[in-house]
Amino acid sequence: MLERDSTLDKYRILQPIAAGGMGVVYKAEHIHLRRLVAIKVLLPNYALDERTRARFAQEAYVQGQLSHPNIVEVTDFIHIGDVLAFVMRFVDGPSLEQVLQTESGPWPLDKVLQVLRPVVEGVAYAHARGVVHRDLKPANVLLDATIQASMLGTPRITDFGLAKVLATTGGVTRTGSMLGTVPYMAPEQFAGRSDIDARADVFALSMMFRRMLTGALPVDPNNMIAVTEVYTGRGPLSDPDDWGVELPHPLAQVLRRAASIDPSGRPTTAAAFLRAMEARTEETTDWQEWNQKTAAEAFRRGQVQAVNGRTEEAARWFATAVALAPEVEAYQVELGRVAPVVQAKEGQDQEANPPVRTEPDAGGKRVEMEPARIDRRETVSEFDRSAATVMGAIALCILLLPFIISISLFIAN
Ligand SMILES: Nc1ncnc2c1ncn2[C@@H]1O[C@H](COP(=O)(O)OP(=O)(O)O)[C@@H](O)[C@H]1O
Ligand SMILES: [Mg+2]
């Protein structure tokens with residue numbers, strides 16, 4: 001750890017911001033310019049490994065090549081003795097993941113687009129320069145403070161630690177290993193394929209849209225059976241038509257295609273994704289009306305669930321209605337009626353099953369990342385995959401059990 005007020009090259013360290021992967025990010029300031037920066041420093045034990053150093057330098061280089069308002073700018077690289085670090089513009093604001101932790105959504109479409117359209121633009125810019133990010137997720141989108149308090153900050157993409165430069169062959173990224181974060185990582189990344197291209201980022205973008213529009217991820221990242229089923233096409237990745245959010249047809253269509261298990265079904269780059277999105281936004285101008293219509297539909301679905309005694313489902317729909325149209329009192333009244341029932345039930349469930357501890361980055365499960373940890377994490381990832389295979393086999397046996405029993409009875413008779 002670097003001490004407060006210590007200097008690193010031309011920068012004064014102010015405080016650590018985050019420790020993760022293979023480095024620590026510090027808030028610092030340029031000694032002379034007094035400009036705030038963020039410095040990502042490679043942890044000393046990783047700095048001993050040449051491969052890791054090369055990987056870290058590549059992260060800085062790739063991000064340093066990109067100059068776009070929605071990508072965090074890398075401004076300097078430091079190599080003093082054993083210390084390796086790179087300097088970025090300081091982003092004064094939380095990550096999108098942090099915002100989603102407190103405001104999980106569903107978010108109204110205009111707010112989702114306000115955040116995600118610039119993200120897609122930044123990714124499209126990177127794709128146009130042959131760079132695939134490969135770890136897009138809300139935790140890697142930082143929201144820069146804005147002067148208008150009512151607005152969310154300017155989104156800036158960061159963490160190009162897994163990025164791949166398409167034109168290069170080989171390079172310092174290991175191919176054939178599972179890299180990324182479930183469930184944002186594309187199925188082909190999950191399968192450990194080496195021919196990852198821009199379509200993997202398109203998949204991740206669709207998951208980000210989905211999380212924000214519905215308030216939830218399509219699958220629990222800690223449930224490896226469910227994750228494996230989704231990624232192999234055996235488990236359903238529900239259709240945008242079933243999200244309970246009224247999306248205009250073209251947008252639903254592009255989100256449906258972007259989440260294809262087979263990459264050949266997806267838009268080929270973020271630019272293609274963006275074009276489809278833009279076509280959609282030009283069509284609808286009245287967001288207020290859109291929110292109200294969607295809220296009314298969610299409310300109607302909630303009422304159906306409530307009548308059928310499915311209180312939890314009903315509460316989810318009513319919460320959606322309230323989130324989209326907080327001004328409608330009827331929605332709040334209905335939510336108020338079912339919420340205590342759900343809370344009481346949750347309380348009972350928790351007594352019976354104490355909550356499972358979740359990872360701090362609850363928005364996804366990072367299964368493997370920088371080569372710095374490859375030796376250790378290879379085992380983890382291989383374990384994850386073999387565990388998933390065994391669990392898949394067990395699930396298959398259970399499914400086939402009735403057939404096996406009937407055949408045995410038939411033969412016995
Ligand atoms: N330029 C920056 N300005 C402000 N905070 C940053 C900056 N870059 C990174 N951080 C903080 O550090 C955290 C980790 O950075 P990241 O590059 O995503 O590394 P990791 O590989 O550990 O995920 C971010 O979530 C953010 O909180
Ligand atoms: Mg990160």
# chains A, B, ... in the order shown; residues from 1 in each chain; ligands from 1
call {"tool": "closest_atom_pairs", "arguments": {"of": "chain A", "to": "ligand 1", "cutoff": "8 Å", "atoms": "only C-alpha atoms and all ligand atoms", "output": "Markdown table"}}
result
| residue | atom | partner | partner_atom_place_in_ligand_line | distance |
| --- | --- | --- | --- | --- |
| A:Ile17 | CA | ligand 1 | 11 (C) | 5.8 |
| A:Ala18 | CA | ligand 1 | 12 (O) | 4.6 |
| A:Ala19 | CA | ligand 1 | 22 (O) | 5.9 |
| A:Gly20 | CA | ligand 1 | 22 (O) | 3.6 |
| A:Gly21 | CA | ligand 1 | 22 (O) | 4.3 |
| A:Met22 | CA | ligand 1 | 22 (O) | 6.5 |
| A:Gly23 | CA | ligand 1 | 22 (O) | 6.1 |
| A:Val24 | CA | ligand 1 | 22 (O) | 7.0 |
| A:Val25 | CA | ligand 1 | 12 (O) | 5.2 |
| A:Tyr26 | CA | ligand 1 | 12 (O) | 7.7 |
| A:Lys27 | CA | ligand 1 | 4 (C) | 7.0 |
| A:Val37 | CA | ligand 1 | 1 (N) | 6.8 |
| A:Ala38 | CA | ligand 1 | 1 (N) | 4.8 |
| A:Ile39 | CA | ligand 1 | 1 (N) | 7.4 |
| A:Lys40 | CA | ligand 1 | 8 (N) | 7.2 |
| A:Val72 | CA | ligand 1 | 1 (N) | 5.9 |
| A:Glu73 | CA | ligand 1 | 1 (N) | 7.5 |
| A:Val87 | CA | ligand 1 | 1 (N) | 7.9 |
| A:Met88 | CA | ligand 1 | 1 (N) | 4.9 |
| A:Arg89 | CA | ligand 1 | 1 (N) | 5.1 |
| A:Phe90 | CA | ligand 1 | 3 (N) | 3.8 |
| A:Val91 | CA | ligand 1 | 3 (N) | 3.7 |
| A:Asp92 | CA | ligand 1 | 4 (C) | 6.0 |
| A:Gly93 | CA | ligand 1 | 4 (C) | 7.2 |
| A:Pro94 | CA | ligand 1 | 27 (O) | 6.7 |
| A:Ser95 | CA | ligand 1 | 25 (O) | 6.0 |
| A:Ala139 | CA | ligand 1 | 25 (O) | 5.7 |
| A:Asn140 | CA | ligand 1 | 18 (O) | 5.1 |
| A:Val141 | CA | ligand 1 | 25 (O) | 7.8 |
| A:Leu142 | CA | ligand 1 | 26 (C) | 6.8 |
| A:Thr158 | CA | ligand 1 | 17 (O) | 5.6 |
| A:Asp159 | CA | ligand 1 | 17 (O) | 3.8 |
| A:Phe160 | CA | ligand 1 | 17 (O) | 7.2 |
| A:Gly161 | CA | ligand 1 | 21 (O) | 6.2 |
| A:Glu370 | CA | ligand 1 | 21 (O) | 7.8 |
call {"tool": "write_last_selection", "arguments": {"atoms": "N, CA and C atoms", "output": "JSON list (two decimals), in the first residue's frame"}}
result
[["chain", "number", "residue", "atom", "x", "y", "z"],
["A", 17, "ILE", "N", -8.63, 3.97, -3.49],
["A", 17, "ILE", "CA", -10.06, 3.98, -3.84],
["A", 17, "ILE", "C", -10.59, 2.56, -3.89],
["A", 18, "ALA", "N", -9.84, 1.68, -4.49],
["A", 18, "ALA", "CA", -10.33, 0.30, -4.65],
["A", 18, "ALA", "C", -9.16, -0.64, -4.81],
["A", 19, "ALA", "N", -9.32, -1.82, -4.26],
["A", 19, "ALA", "CA", -8.31, -2.86, -4.45],
["A", 19, "ALA", "C", -9.00, -4.03, -5.12],
["A", 20, "GLY", "N", -8.44, -4.49, -6.19],
["A", 20, "GLY", "CA", -9.09, -5.62, -6.86],
["A", 20, "GLY", "C", -8.12, -6.26, -7.80],
["A", 21, "GLY", "N", -8.60, -7.26, -8.55],
["A", 21, "GLY", "CA", -7.82, -7.92, -9.57],
["A", 21, "GLY", "C", -6.36, -8.01, -9.21],
["A", 22, "MET", "N", -5.56, -7.28, -9.93],
["A", 22, "MET", "CA", -4.13, -7.37, -9.68],
["A", 22, "MET", "C", -3.54, -6.03, -9.26],
["A", 23, "GLY", "N", -4.41, -5.08, -8.95],
["A", 23, "GLY", "CA", -3.86, -3.79, -8.59],
["A", 23, "GLY", "C", -4.70, -3.03, -7.58],
["A", 24, "VAL", "N", -4.13, -1.91, -7.17],
["A", 24, "VAL", "CA", -4.86, -1.00, -6.27],
["A", 24, "VAL", "C", -5.02, 0.31, -7.02],
["A", 25, "VAL", "N", -6.23, 0.89, -6.94],
["A", 25, "VAL", "CA", -6.44, 2.18, -7.58],
["A", 25, "VAL", "C", -6.41, 3.26, -6.49],
["A", 26, "TYR", "N", -5.58, 4.27, -6.72],
["A", 26, "TYR", "CA", -5.47, 5.37, -5.75],
["A", 26, "TYR", "C", -5.99, 6.66, -6.35],
["A", 27, "LYS", "N", -6.54, 7.48, -5.47],
["A", 27, "LYS", "CA", -6.82, 8.86, -5.87],
["A", 27, "LYS", "C", -5.53, 9.62, -5.60],
["A", 37, "VAL", "N", -6.13, 12.76, -10.27],
["A", 37, "VAL", "CA", -5.99, 11.61, -11.16],
["A", 37, "VAL", "C", -6.32, 10.34, -10.37],
["A", 38, "ALA", "N", -6.51, 9.26, -11.11],
["A", 38, "ALA", "CA", -6.61, 7.93, -10.47],
["A", 38, "ALA", "C", -5.41, 7.15, -10.99],
["A", 39, "ILE", "N", -4.70, 6.49, -10.07],
["A", 39, "ILE", "CA", -3.52, 5.72, -10.48],
["A", 39, "ILE", "C", -3.75, 4.24, -10.16],
["A", 40, "LYS", "N", -3.66, 3.40, -11.17],
["A", 40, "LYS", "CA", -3.80, 1.96, -10.95],
["A", 40, "LYS", "C", -2.39, 1.39, -10.84],
["A", 72, "VAL", "N", -12.74, 6.14, -20.01],
["A", 72, "VAL", "CA", -11.83, 6.81, -19.08],
["A", 72, "VAL", "C", -10.46, 6.99, -19.77],
["A", 73, "GLU", "N", -9.96, 8.22, -19.71],
["A", 73, "GLU", "CA", -8.72, 8.52, -20.43],
["A", 73, "GLU", "C", -7.48, 8.13, -19.61],
["A", 87, "VAL", "N", -1.78, 6.08, -15.10],
["A", 87, "VAL", "CA", -2.52, 7.23, -14.56],
["A", 87, "VAL", "C", -3.74, 7.49, -15.44],
["A", 88, "MET", "N", -4.87, 7.73, -14.80],
["A", 88, "MET", "CA", -6.10, 8.03, -15.54],
["A", 88, "MET", "C", -6.68, 9.35, -15.06],
["A", 89, "ARG", "N", -7.54, 9.92, -15.86],
["A", 89, "ARG", "CA", -8.32, 11.06, -15.36],
["A", 89, "ARG", "C", -9.19, 10.55, -14.23],
["A", 90, "PHE", "N", -9.30, 11.34, -13.20],
["A", 90, "PHE", "CA", -10.12, 10.92, -12.06],
["A", 90, "PHE", "C", -11.60, 11.07, -12.40],
["A", 91, "VAL", "N", -12.35, 10.02, -12.19],
["A", 91, "VAL", "CA", -13.80, 10.08, -12.40],
["A", 91, "VAL", "C", -14.46, 10.28, -11.04],
["A", 92, "ASP", "N", -15.11, 11.42, -10.90],
["A", 92, "ASP", "CA", -15.68, 11.79, -9.62],
["A", 92, "ASP", "C", -17.13, 11.32, -9.54],
["A", 93, "GLY", "N", -17.30, 10.07, -9.18],
["A", 93, "GLY", "CA", -18.67, 9.54, -9.07],
["A", 93, "GLY", "C", -18.64, 8.05, -8.90],
["A", 94, "PRO", "N", -19.81, 7.47, -8.59],
["A", 94, "PRO", "CA", -19.87, 6.03, -8.33],
["A", 94, "PRO", "C", -19.85, 5.23, -9.63],
["A", 95, "SER", "N", -19.67, 3.93, -9.50],
["A", 95, "SER", "CA", -19.84, 3.08, -10.68],
["A", 95, "SER", "C", -21.33, 2.84, -10.86],
["A", 139, "ALA", "N", -20.13, -2.54, -13.13],
["A", 139, "ALA", "CA", -19.01, -2.17, -12.25],
["A", 139, "ALA", "C", -17.88, -1.50, -13.02],
["A", 140, "ASN", "N", -17.85, -1.69, -14.33],
["A", 140, "ASN", "CA", -16.78, -1.09, -15.11],
["A", 140, "ASN", "C", -17.24, 0.15, -15.87],
["A", 141, "VAL", "N", -18.39, 0.68, -15.47],
["A", 141, "VAL", "CA", -18.86, 1.95, -16.01],
["A", 141, "VAL", "C", -18.91, 2.94, -14.85],
["A", 142, "LEU", "N", -18.10, 3.98, -14.93],
["A", 142, "LEU", "CA", -18.07, 4.98, -13.85],
["A", 142, "LEU", "C", -18.89, 6.18, -14.29],
["A", 158, "THR", "N", -14.34, 1.82, -18.14],
["A", 158, "THR", "CA", -12.95, 1.61, -17.73],
["A", 158, "THR", "C", -12.64, 0.12, -17.64],
["A", 159, "ASP", "N", -11.47, -0.19, -17.12],
["A", 159, "ASP", "CA", -11.02, -1.57, -16.89],
["A", 159, "ASP", "C", -10.89, -2.38, -18.17],
["A", 160, "PHE", "N", -9.88, -2.04, -18.94],
["A", 160, "PHE", "CA", -9.61, -2.77, -20.18],
["A", 160, "PHE", "C", -8.63, -3.93, -19.92],
["A", 161, "GLY", "N", -8.68, -4.44, -18.68],
["A", 161, "GLY", "CA", -7.76, -5.52, -18.28],
["A", 161, "GLY", "C", -7.94, -6.80, -19.06],
["A", 370, "GLU", "N", -7.56, -11.27, -15.00],
["A", 370, "GLU", "CA", -6.22, -11.02, -15.49],
["A", 370, "GLU", "C", -5.31, -12.22, -15.29]]
call {"tool": "select_by_dssp", "arguments": {"residues": "region 36-130 of chain A", "states": "alpha helix (DSSP H)", "output": "compact mmCIF listing (two decimals) with C-alpha atoms, in the first residue's frame"}}
result
# COMPACT_ATOMS: atom_id res chain seq x y z
CA PRO A 44 4.17 -5.88 -5.97
CA ASN A 45 3.81 -9.67 -5.95
CA TYR A 46 2.27 -9.60 -9.43
CA ALA A 47 4.90 -7.19 -10.68
CA GLU A 50 6.89 -10.84 -16.60
CA ARG A 51 3.72 -12.02 -18.27
CA THR A 52 1.61 -10.07 -15.79
CA ARG A 53 3.70 -6.97 -16.32
CA ALA A 54 3.16 -7.27 -20.06
CA ARG A 55 -0.57 -7.75 -19.56
CA PHE A 56 -0.77 -4.72 -17.29
CA ALA A 57 1.20 -2.61 -19.75
CA GLN A 58 -1.14 -3.74 -22.51
CA GLU A 59 -4.18 -2.68 -20.45
CA ALA A 60 -2.66 0.79 -20.13
CA TYR A 61 -1.64 0.87 -23.78
CA VAL A 62 -5.02 -0.24 -25.15
CA GLN A 63 -6.98 2.18 -22.96
CA GLY A 64 -4.40 4.88 -23.70
CA GLN A 65 -5.08 4.54 -27.42
CA LEU A 96 -23.10 2.14 -12.34
CA GLU A 97 -23.03 -1.03 -10.24
CA GLN A 98 -22.97 1.04 -7.05
CA VAL A 99 -25.94 3.05 -8.28
CA LEU A 100 -27.82 -0.12 -9.19
CA GLN A 101 -27.16 -1.58 -5.76
CA THR A 102 -29.18 1.21 -4.17
CA LEU A 109 -36.52 3.53 -20.59
CA ASP A 110 -35.48 7.16 -21.01
CA LYS A 111 -33.21 6.92 -17.96
CA VAL A 112 -31.77 3.61 -19.15
CA LEU A 113 -31.00 5.15 -22.53
CA GLN A 114 -29.52 8.22 -20.89
CA VAL A 115 -26.89 6.00 -19.29
CA LEU A 116 -26.50 3.18 -21.78
CA ARG A 117 -26.61 5.00 -25.12
CA PRO A 118 -23.28 6.77 -24.36
CA VAL A 119 -21.88 3.43 -23.15
CA VAL A 120 -22.85 1.81 -26.45
CA GLU A 121 -21.28 4.77 -28.26
CA GLY A 122 -18.03 4.30 -26.34
CA VAL A 123 -18.00 0.57 -27.09
CA ALA A 124 -18.77 1.27 -30.76
CA TYR A 125 -15.78 3.62 -30.85
CA ALA A 126 -13.54 0.91 -29.33
CA HIS A 127 -14.84 -1.68 -31.80
CA ALA A 128 -14.11 0.66 -34.69
call {"tool": "closest_residue", "arguments": {"among": "A:Gly105, A:Pro267, A:Pro138, A:Pro183", "to": "ligand 2", "atoms": "only C-alpha atoms and all ligand atoms"}}
result
A:Pro138
call {"tool": "atom_distance", "arguments": {"atom1": "CA of Gly153 (chain A)", "atom2": "CA of Glu103 (chain A)"}}
result
14.8 Å
call {"tool": "closest_residue", "arguments": {"among": "A:Thr146, A:Gly244, A:Ser264, A:Pro106", "to": "Phe209 (chain A)", "atoms": "only C-alpha atoms"}}
result
A:Pro106
call {"tool": "atom_distance", "arguments": {"atom1": "CA of Gly81 (chain A)", "atom2": "CA of Ile157 (chain A)"}}
result
29.8 Å
call {"tool": "atom_distance", "arguments": {"atom1": "CA of Met208 (chain A)", "atom2": "CA of Arg129 (chain A)"}}
result
22.4 Å
call {"tool": "select_by_dssp", "arguments": {"residues": "region 6-228 of chain A", "states": "strand (DSSP E)", "output": "PyMOL selection string"}}
result
chain A and resi 7-8+11-20+23-30+36-42+74-80+83-89+131-132+141-144+154-157+164-165+180-182
call {"tool": "residues_around", "arguments": {"residues": "region 302-313 of chain A", "least_positions_apart": "2", "cutoff": "12 Å", "atoms": "only C-alpha atoms", "output": "PyMOL selection string"}}
result
chain A and resi 244+295-300+315-322+330-331+334-346
call {"tool": "write_last_selection", "arguments": {"atoms": "C-alpha atoms", "output": "mmCIF file, in the first residue's frame"}}
result
data_model
loop_
_atom_site.group_PDB
_atom_site.id
_atom_site.type_symbol
_atom_site.label_atom_id
_atom_site.label_comp_id
_atom_site.auth_asym_id
_atom_site.auth_seq_id
_atom_site.Cartn_x
_atom_site.Cartn_y
_atom_site.Cartn_z
ATOM 1 C CA GLY A 244 -43.115 -7.119 -18.288
ATOM 2 C CA ALA A 295 -46.810 1.182 -15.628
ATOM 3 C CA ALA A 296 -50.470 0.487 -16.390
ATOM 4 C CA GLU A 297 -49.547 -2.848 -17.975
ATOM 5 C CA ALA A 298 -47.360 -3.789 -14.972
ATOM 6 C CA PHE A 299 -50.195 -2.847 -12.616
ATOM 7 C CA ARG A 300 -52.671 -4.991 -14.577
ATOM 8 C CA ALA A 315 -45.525 -7.045 -5.369
ATOM 9 C CA ARG A 316 -42.869 -7.128 -8.094
ATOM 10 C CA TRP A 317 -45.312 -5.874 -10.718
ATOM 11 C CA PHE A 318 -46.746 -3.186 -8.428
ATOM 12 C CA ALA A 319 -43.208 -2.033 -7.602
ATOM 13 C CA THR A 320 -42.544 -1.751 -11.328
ATOM 14 C CA ALA A 321 -45.686 0.315 -11.760
ATOM 15 C CA VAL A 322 -44.689 2.633 -8.893
ATOM 16 C CA ALA A 330 -53.497 3.519 -6.872
ATOM 17 C CA TYR A 331 -50.205 1.811 -7.677
ATOM 18 C CA GLU A 334 -51.703 -1.725 -3.979
ATOM 19 C CA LEU A 335 -47.954 -2.030 -3.381
ATOM 20 C CA GLY A 336 -48.491 -0.920 0.213
ATOM 21 C CA ARG A 337 -51.091 -3.658 0.633
ATOM 22 C CA VAL A 338 -48.962 -6.559 -0.607
ATOM 23 C CA ALA A 339 -45.492 -5.450 0.555
ATOM 24 C CA PRO A 340 -45.991 -6.273 4.288
ATOM 25 C CA VAL A 341 -47.184 -9.802 3.368
ATOM 26 C CA VAL A 342 -44.049 -10.370 1.280
ATOM 27 C CA GLN A 343 -41.783 -8.927 3.972
ATOM 28 C CA ALA A 344 -43.327 -11.148 6.639
ATOM 29 C CA LYS A 345 -42.825 -14.181 4.411
ATOM 30 C CA GLU A 346 -39.226 -13.197 3.681
#
call {"tool": "residues_around", "arguments": {"residues": "Ala186 (chain A)", "least_positions_apart": "5", "cutoff": "8 Å", "atoms": "only C-alpha atoms", "output": "PyMOL selection string"}}
result
chain A and resi 200-201+203-204+231+261
call {"tool": "write_last_selection", "arguments": {"atoms": "N, CA and C atoms", "output": "PDB file, in the first residue's frame"}}
result
ATOM      1  N   ALA A 200     -19.208 -10.378 -28.478  1.00  0.00           N
ATOM      2  CA  ALA A 200     -19.226 -10.695 -27.043  1.00  0.00           C
ATOM      3  C   ALA A 200     -19.629  -9.438 -26.253  1.00  0.00           C
ATOM      4  N   ASP A 201     -19.108  -8.290 -26.661  1.00  0.00           N
ATOM      5  CA  ASP A 201     -19.478  -7.028 -25.991  1.00  0.00           C
ATOM      6  C   ASP A 201     -20.957  -6.708 -26.220  1.00  0.00           C
ATOM      7  N   PHE A 203     -23.346  -8.835 -26.491  1.00  0.00           N
ATOM      8  CA  PHE A 203     -24.092  -9.658 -25.531  1.00  0.00           C
ATOM      9  C   PHE A 203     -24.097  -8.981 -24.161  1.00  0.00           C
ATOM     10  N   ALA A 204     -22.921  -8.532 -23.732  1.00  0.00           N
ATOM     11  CA  ALA A 204     -22.812  -7.879 -22.413  1.00  0.00           C
ATOM     12  C   ALA A 204     -23.715  -6.641 -22.349  1.00  0.00           C
ATOM     13  N   TYR A 231     -26.335 -20.616 -20.657  1.00  0.00           N
ATOM     14  CA  TYR A 231     -25.242 -20.438 -21.616  1.00  0.00           C
ATOM     15  C   TYR A 231     -25.176 -21.529 -22.684  1.00  0.00           C
ATOM     16  N   ILE A 261     -27.650 -16.778 -27.988  1.00  0.00           N
ATOM     17  CA  ILE A 261     -26.593 -17.650 -27.479  1.00  0.00           C
ATOM     18  C   ILE A 261     -25.531 -17.833 -28.569  1.00  0.00           C
TER      19      ILE A 261
END
call {"tool": "closest_residue", "arguments": {"among": "A:Leu251, A:Met277, A:Leu84, A:Val202", "to": "Gly265 (chain A)", "atoms": "only C-alpha atoms"}}
result
A:Val202
call {"tool": "closest_residue", "arguments": {"among": "A:Leu136, A:Leu213, A:Ala279, A:Ile13", "to": "Gly180 (chain A)", "atoms": "only C-alpha atoms"}}
result
A:Leu136
